[in-house]
Each structure stands twice: as structure tokens, then as C-alpha cells.
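Take a look at the structure below.
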Amino acid sequence: MKLLEGKRILVTGVANRWSIAAGIARKMHEHGAQLAFTYQGERVKASVEEIAAELGGGPVIECDVSSDASLAAMRDALAAHGKLDGLVHSIAFVDKASLSGKVYEIPRDGFKLSMDVSSYSLIALVQTLRETLNDGASVLAMTYLGATQIVPNYNLAGIAKAALESIVRYLAFDLGERGIRVNAISAGPIKTASSRQVGGFSKILEIVPKVAPLKRNITIEDVGNVAVYLTSALASTITADVHFVDAGYHAMGMYPPDVTL
Ligand SMILES: NC(=O)c1ccc[n+]([C@@H]2O[C@H](COP(=O)([O-])OP(=O)(O)OC[C@H]3O[C@@H](n4cnc5c(N)ncnc54)[C@H](O)[C@@H]3O)[C@@H](O)[C@H]2O)c1
């Protein structure tokens, strides 16, 4: 059964084929969605165009979420392609120096930039596209356990994710009168260009399969499957939620006694 037949969805945050957004786009395409993509800068343009061509050949539009001019230009370019039934926010940036060390050493400028790109950008995208979103549309953001729990080294990324999760809830309230749902997926760790910046990330990937109830790491396709569900009519009563796709890791309060790390 195809769950997204006839739905038009804008996917942000594809940088390459390892991006979580690429896994989401692939699964949404398999479920019949017509996709449009945004990319950040010339550096990733060719790779995003290649992925878009494989997944239905929809429009590929530049958008730097830290620039109001870029957001407005993206909206104008998208206008020719009709309205949206879905928006996927899969964007974050934190300077590598703030993904290890001490939180009390984080500089003001780095804090502002991370909160702008990783958190405010969800507000900015909704603000820019609110007339483009159909009533009943779905908005989806990507978050991580480090928003609410201490994950050593995730540091500023966790602080930005805490804001993002709160923004999800307030936007869900604001947009609920139009039947627009706003949710987040809290994905388990996956090796991507962004996650590799987190200090000790490869160790995190080793720990999860030893500790999580399902004894495995997750893939971008696992996230894509849940993104399809949350964007589909099957999830029409789900909003303001953070949905874990992490093999159950978030529910553990202590490592199993037989685990050697
Ligand atoms: N990989 C993980 O372990 C993991 C786990 C949970 C949540 N997430 C979240 O998933 C999302 C996608 O990350 P990913 O792991 O796929 O890494 P990624 O590096 O493939 O994707 C991050 C994206 O953010 C985009 N971006 C950064 N600054 C931007 C800007 N100013 N304007 C527009 N786009 C910008 C990049 O171009 C890139 O496409 C992020 O929100 C990340 O925090 C990742």
C-alpha cells in the first residue's frame, strides 16, 4: 500500500546519500510522494540534484535557512510547483569546537549561529511557507535524545535540539486550527557528515547495539519509514509529538549488567 500517493513534500537537509533526509526522501518516493528538495550552497548542489533525479526528478532549490532573502527566493521558486502537503526539516549546524569540551566554554557567536540554523530555522521555514502549506499538511523535524538527556559531547547540539523540540510543540498548537500537524523524530545515532563532528561518535555507535532493547543501530531507511507514517493519513491525530526511532535506547535507565563497553 502506498501511503503518500498524490502528496507533494518539500525535503530539506539532503547533503549526500548518507543524509537522514536522503533516507526519508527515498521512502517517501517509494510511497508515491512527489518531492521537491532544498540544498545549502553550491558544494552539495550536484549531489542533491543526482538524488532528486533518482527520486522522481522534482525541483531542486537553493535555500540557506540563516538568510531571509534565501528563504524568500526558495518560496518564490517553489510557487510554480504548487502547494505542499508535507515539509521535512532535517537541518542542523554546530561548530565542531562546541561538540566536545565544556558547555561553559561555548562562545556567544557559536551559540547564536547554532540556535539560528538548528532551531529557529524551523520557525523560519514555517513562516516562509505557511501560505504554501495546505491545510492538513505535515511538518516533521529531526531531533536527538541529547535534547532532554545528557549525552556527553553532544553539548550545544543538545541545547539547540531542546529548543527545536519546544518549537515543534508551539508550532503544533499554532497550526492545529488548520489541521497542520508538527512532529519530531528522535533518531538514534547514524554516521553522517554532521554526526561525525560529535566527539566520540564512533563509540556511541558501538554502545547502542549492546544496550538498546533491539540490540542494533538504526538506518536512514528506518527513519524514512517512520517519516512516511507520520506524514501519512495514518497519523492524522498525532501532533506535537517526539517519536523515537532508536531501537528503544531512550527507555534504558541503566546498562544491562553483562555489557562490557
Ligand atoms: N546522524 C545522527 O546521528 C542524527 C541523530 C538524530 C538527529 N539528527 C538530525 O538529523 C538532521 C540531519 O542531519 P544528518 O545526520 O542527516 O547530517 P547531514 O550533514 O547529512 O545533514 C545536515 C544538513 O543540514 C544542512 N544545513 C546546515 N546548515 C544549513 C543552512 N544554513 N541552511 C540550510 N541547510 C543547512 C546541511 O546542508 C545538511 O544537508 C539534523 O537535524 C541532525 O541534527 C541526526
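Residues are referred to by chain and number: the chain letter is A, B, ... according to the order shown in the C-alpha cells, the number counts from 1 in that chain, and ligands are numbered separately from 1 in the order shown.
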
Which residues are near ligand 1 in this structure, taking near to mean any atom at most 8 Å from a ligand atom and counting only C-alpha atoms and all ligand atoms? Format them as a ChimeraX atom specification. /A:12-22,38-41,44,63-67,89-93,117-118,141-145,157,161,185-196

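Within region 92-221 of chain A, DSSP applied to the backbone places the following residues in strand (DSSP E): Leu133, Asn134, Asp135, Gly136, Ala137, Ser138, Val139, Leu140, Ala141, Met142, Thr143, Arg181, Val182, Asn183, Ala184, Ile185, Ser186 and Ala187 of chain A.
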
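Residues with any atom within 10 Å of Gly179 (chain A), counting only C-alpha atoms and excluding same-chain neighbours fewer than 5 positions away, are A:Asn134, A:Asp135, A:Gly136, A:Ala137, A:Ser138, A:Ala172, A:Phe173, A:Asp174, A:Ser236, A:Thr237, A:Thr239.
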
Here is a test: counting only C-alpha atoms, which residue of A:Arg169, A:Arg108, A:Arg216, A:Lys83 is nearest to Thr132 (chain A)?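 Counting only C-alpha atoms, the residue closest to Thr132 (chain A) is A:Lys83.
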
Surrounding residues of Val198 (chain A) excluding itself and chain neighbours under 2 positions, 8 Å, only C-alpha atoms, as a PDB file with C-alpha atoms, in the first residue's frame:
```pdb
ATOM      1  CA  LYS A  96      32.912  21.236  15.934  1.00  0.00           C
ATOM      2  CA  LEU A  99      30.684  19.246  20.184  1.00  0.00           C
ATOM      3  CA  SER A 100      33.263  18.326  22.817  1.00  0.00           C
ATOM      4  CA  ASN A 153      29.961  15.862  23.877  1.00  0.00           C
ATOM      5  CA  TYR A 154      26.562  16.483  22.208  1.00  0.00           C
ATOM      6  CA  SER A 194      27.067  16.112  10.770  1.00  0.00           C
ATOM      7  CA  SER A 195      27.162  13.362  13.392  1.00  0.00           C
ATOM      8  CA  ARG A 196      30.840  12.618  12.708  1.00  0.00           C
ATOM      9  CA  GLY A 200      33.492  10.135  20.423  1.00  0.00           C
ATOM     10  CA  PHE A 201      30.705   9.460  17.925  1.00  0.00           C
TER      11      PHE A 201
END
```

Point-to-point distance from CA of Val259 (chain A) to CA of His243 (chain A), Å rounded to tenths: 26.6 Å

Mind giving me the straight-line distance from CA of Val211 (chain A) to CA of Leu156 (chain A) in Å, one decimal?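 Distance between the two atoms: 24.7 Å.
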
Near Ala162 (chain A), within 7 Å and counting only C-alpha atoms, which residues show up once chain neighbours fewer than 3 positions away are dropped, as a PyMOL selection string? chain A and resi 147-148+158-159+165-166

For those residues, write N, CA and C atoms to a file as a short mmCIF file (atom, residue, chain, number, x, y, z; two decimals), in the first residue's frame.
```
data_model
loop_
_atom_site.label_atom_id
_atom_site.label_comp_id
_atom_site.auth_asym_id
_atom_site.auth_seq_id
_atom_site.Cartn_x
_atom_site.Cartn_y
_atom_site.Cartn_z
N ALA A 147 18.62 16.16 23.49
CA ALA A 147 17.78 17.33 23.79
C ALA A 147 17.32 17.31 25.24
N THR A 148 17.06 16.12 25.76
CA THR A 148 16.47 16.03 27.11
C THR A 148 17.36 15.30 28.10
N GLY A 158 22.68 19.48 21.71
CA GLY A 158 21.58 19.10 22.59
C GLY A 158 20.76 20.29 23.03
N ILE A 159 21.45 21.38 23.32
CA ILE A 159 20.76 22.61 23.73
C ILE A 159 19.87 23.12 22.58
N GLU A 165 12.66 20.99 19.88
CA GLU A 165 11.52 20.17 20.32
C GLU A 165 10.41 21.06 20.91
N SER A 166 10.81 22.11 21.59
CA SER A 166 9.82 23.04 22.12
C SER A 166 9.11 23.79 20.99
#
```

Write out as a VMD selection string each polymer residue whose atoms come within 12 Å of Leu230 (chain A), counting only C-alpha atoms; drop sequence neighbours fewer than 6 positions from it. chain A and resid 3 to 4 24 28 86 to 88 137 to 141 180 to 185 223 to 224 236 to 245

Point-to-point distance from CA of Leu113 (chain A) to CA of Val48 (chain A), Å rounded to tenths: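 Taking CA of Leu113 (chain A) and CA of Val48 (chain A), their separation equals 23.9 Å.
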
Please, which residues of region 32-183 of chain A, numbered as in this document, come out alpha helix (DSSP H) from DSSP, as a ChimeraX atom specification? /A:42-54,68-79,108-115,121-129,155-175

For the residues in that selection, give me C-alpha atoms as a PDB file, in the first residue's frame.
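Saved result, out-v7.pdb, follows:
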```pdb
ATOM      1  CA  GLU A  42      27.000  25.002  -4.477  1.00  0.00           C
ATOM      2  CA  ARG A  43      29.155  22.453  -2.611  1.00  0.00           C
ATOM      3  CA  VAL A  44      26.277  19.960  -2.350  1.00  0.00           C
ATOM      4  CA  LYS A  45      24.155  21.026  -5.345  1.00  0.00           C
ATOM      5  CA  ALA A  46      25.296  18.294  -7.773  1.00  0.00           C
ATOM      6  CA  SER A  47      24.848  15.528  -5.242  1.00  0.00           C
ATOM      7  CA  VAL A  48      21.338  16.715  -4.297  1.00  0.00           C
ATOM      8  CA  GLU A  49      20.404  17.010  -7.982  1.00  0.00           C
ATOM      9  CA  GLU A  50      21.564  13.431  -8.570  1.00  0.00           C
ATOM     10  CA  ILE A  51      19.458  12.128  -5.665  1.00  0.00           C
ATOM     11  CA  ALA A  52      16.433  14.175  -6.766  1.00  0.00           C
ATOM     12  CA  ALA A  53      16.729  12.757 -10.295  1.00  0.00           C
ATOM     13  CA  GLU A  54      16.639   9.202  -8.879  1.00  0.00           C
ATOM     14  CA  ASP A  68      15.711  35.578   4.963  1.00  0.00           C
ATOM     15  CA  ALA A  69      16.470  36.504   1.343  1.00  0.00           C
ATOM     16  CA  SER A  70      17.385  32.907   0.530  1.00  0.00           C
ATOM     17  CA  LEU A  71      14.213  31.630   2.237  1.00  0.00           C
ATOM     18  CA  ALA A  72      12.037  34.090   0.257  1.00  0.00           C
ATOM     19  CA  ALA A  73      13.751  33.193  -3.024  1.00  0.00           C
ATOM     20  CA  MET A  74      13.141  29.496  -2.290  1.00  0.00           C
ATOM     21  CA  ARG A  75       9.438  30.174  -1.638  1.00  0.00           C
ATOM     22  CA  ASP A  76       9.153  32.078  -4.929  1.00  0.00           C
ATOM     23  CA  ALA A  77      10.919  29.334  -6.880  1.00  0.00           C
ATOM     24  CA  LEU A  78       8.701  26.706  -5.279  1.00  0.00           C
ATOM     25  CA  ALA A  79       5.490  28.619  -6.080  1.00  0.00           C
ATOM     26  CA  ARG A 108      28.217  33.593  22.285  1.00  0.00           C
ATOM     27  CA  ASP A 109      28.628  33.753  18.489  1.00  0.00           C
ATOM     28  CA  GLY A 110      28.702  29.973  18.110  1.00  0.00           C
ATOM     29  CA  PHE A 111      25.642  29.659  20.323  1.00  0.00           C
ATOM     30  CA  LYS A 112      23.688  32.183  18.234  1.00  0.00           C
ATOM     31  CA  LEU A 113      24.626  30.532  14.942  1.00  0.00           C
ATOM     32  CA  SER A 114      23.677  27.035  16.140  1.00  0.00           C
ATOM     33  CA  MET A 115      20.357  28.166  17.556  1.00  0.00           C
ATOM     34  CA  SER A 121      15.154  27.558  11.092  1.00  0.00           C
ATOM     35  CA  LEU A 122      12.015  25.511  11.757  1.00  0.00           C
ATOM     36  CA  ILE A 123      10.134  28.698  12.627  1.00  0.00           C
ATOM     37  CA  ALA A 124      11.691  30.439   9.624  1.00  0.00           C
ATOM     38  CA  LEU A 125      10.641  27.681   7.216  1.00  0.00           C
ATOM     39  CA  VAL A 126       7.073  27.595   8.548  1.00  0.00           C
ATOM     40  CA  GLN A 127       6.898  31.403   8.484  1.00  0.00           C
ATOM     41  CA  THR A 128       8.105  31.445   4.873  1.00  0.00           C
ATOM     42  CA  LEU A 129       5.944  28.569   3.661  1.00  0.00           C
ATOM     43  CA  ASN A 155      26.644  19.718  24.215  1.00  0.00           C
ATOM     44  CA  LEU A 156      25.463  22.687  22.110  1.00  0.00           C
ATOM     45  CA  ALA A 157      23.662  20.386  19.670  1.00  0.00           C
ATOM     46  CA  GLY A 158      21.578  19.095  22.592  1.00  0.00           C
ATOM     47  CA  ILE A 159      20.759  22.614  23.734  1.00  0.00           C
ATOM     48  CA  ALA A 160      19.628  23.506  20.193  1.00  0.00           C
ATOM     49  CA  LYS A 161      17.560  20.298  19.964  1.00  0.00           C
ATOM     50  CA  ALA A 162      15.807  21.165  23.249  1.00  0.00           C
ATOM     51  CA  ALA A 163      14.712  24.442  21.648  1.00  0.00           C
ATOM     52  CA  LEU A 164      13.736  22.644  18.442  1.00  0.00           C
ATOM     53  CA  GLU A 165      11.516  20.174  20.317  1.00  0.00           C
ATOM     54  CA  SER A 166       9.818  23.039  22.124  1.00  0.00           C
ATOM     55  CA  ILE A 167       9.314  24.871  18.831  1.00  0.00           C
ATOM     56  CA  VAL A 168       7.670  21.695  17.450  1.00  0.00           C
ATOM     57  CA  ARG A 169       5.103  21.802  20.260  1.00  0.00           C
ATOM     58  CA  TYR A 170       4.308  25.528  19.965  1.00  0.00           C
ATOM     59  CA  LEU A 171       4.053  25.371  16.179  1.00  0.00           C
ATOM     60  CA  ALA A 172       1.759  22.354  16.521  1.00  0.00           C
ATOM     61  CA  PHE A 173      -0.548  24.486  18.665  1.00  0.00           C
ATOM     62  CA  ASP A 174      -0.445  27.465  16.303  1.00  0.00           C
ATOM     63  CA  LEU A 175      -1.071  25.382  13.183  1.00  0.00           C
TER      64      LEU A 175
END
```
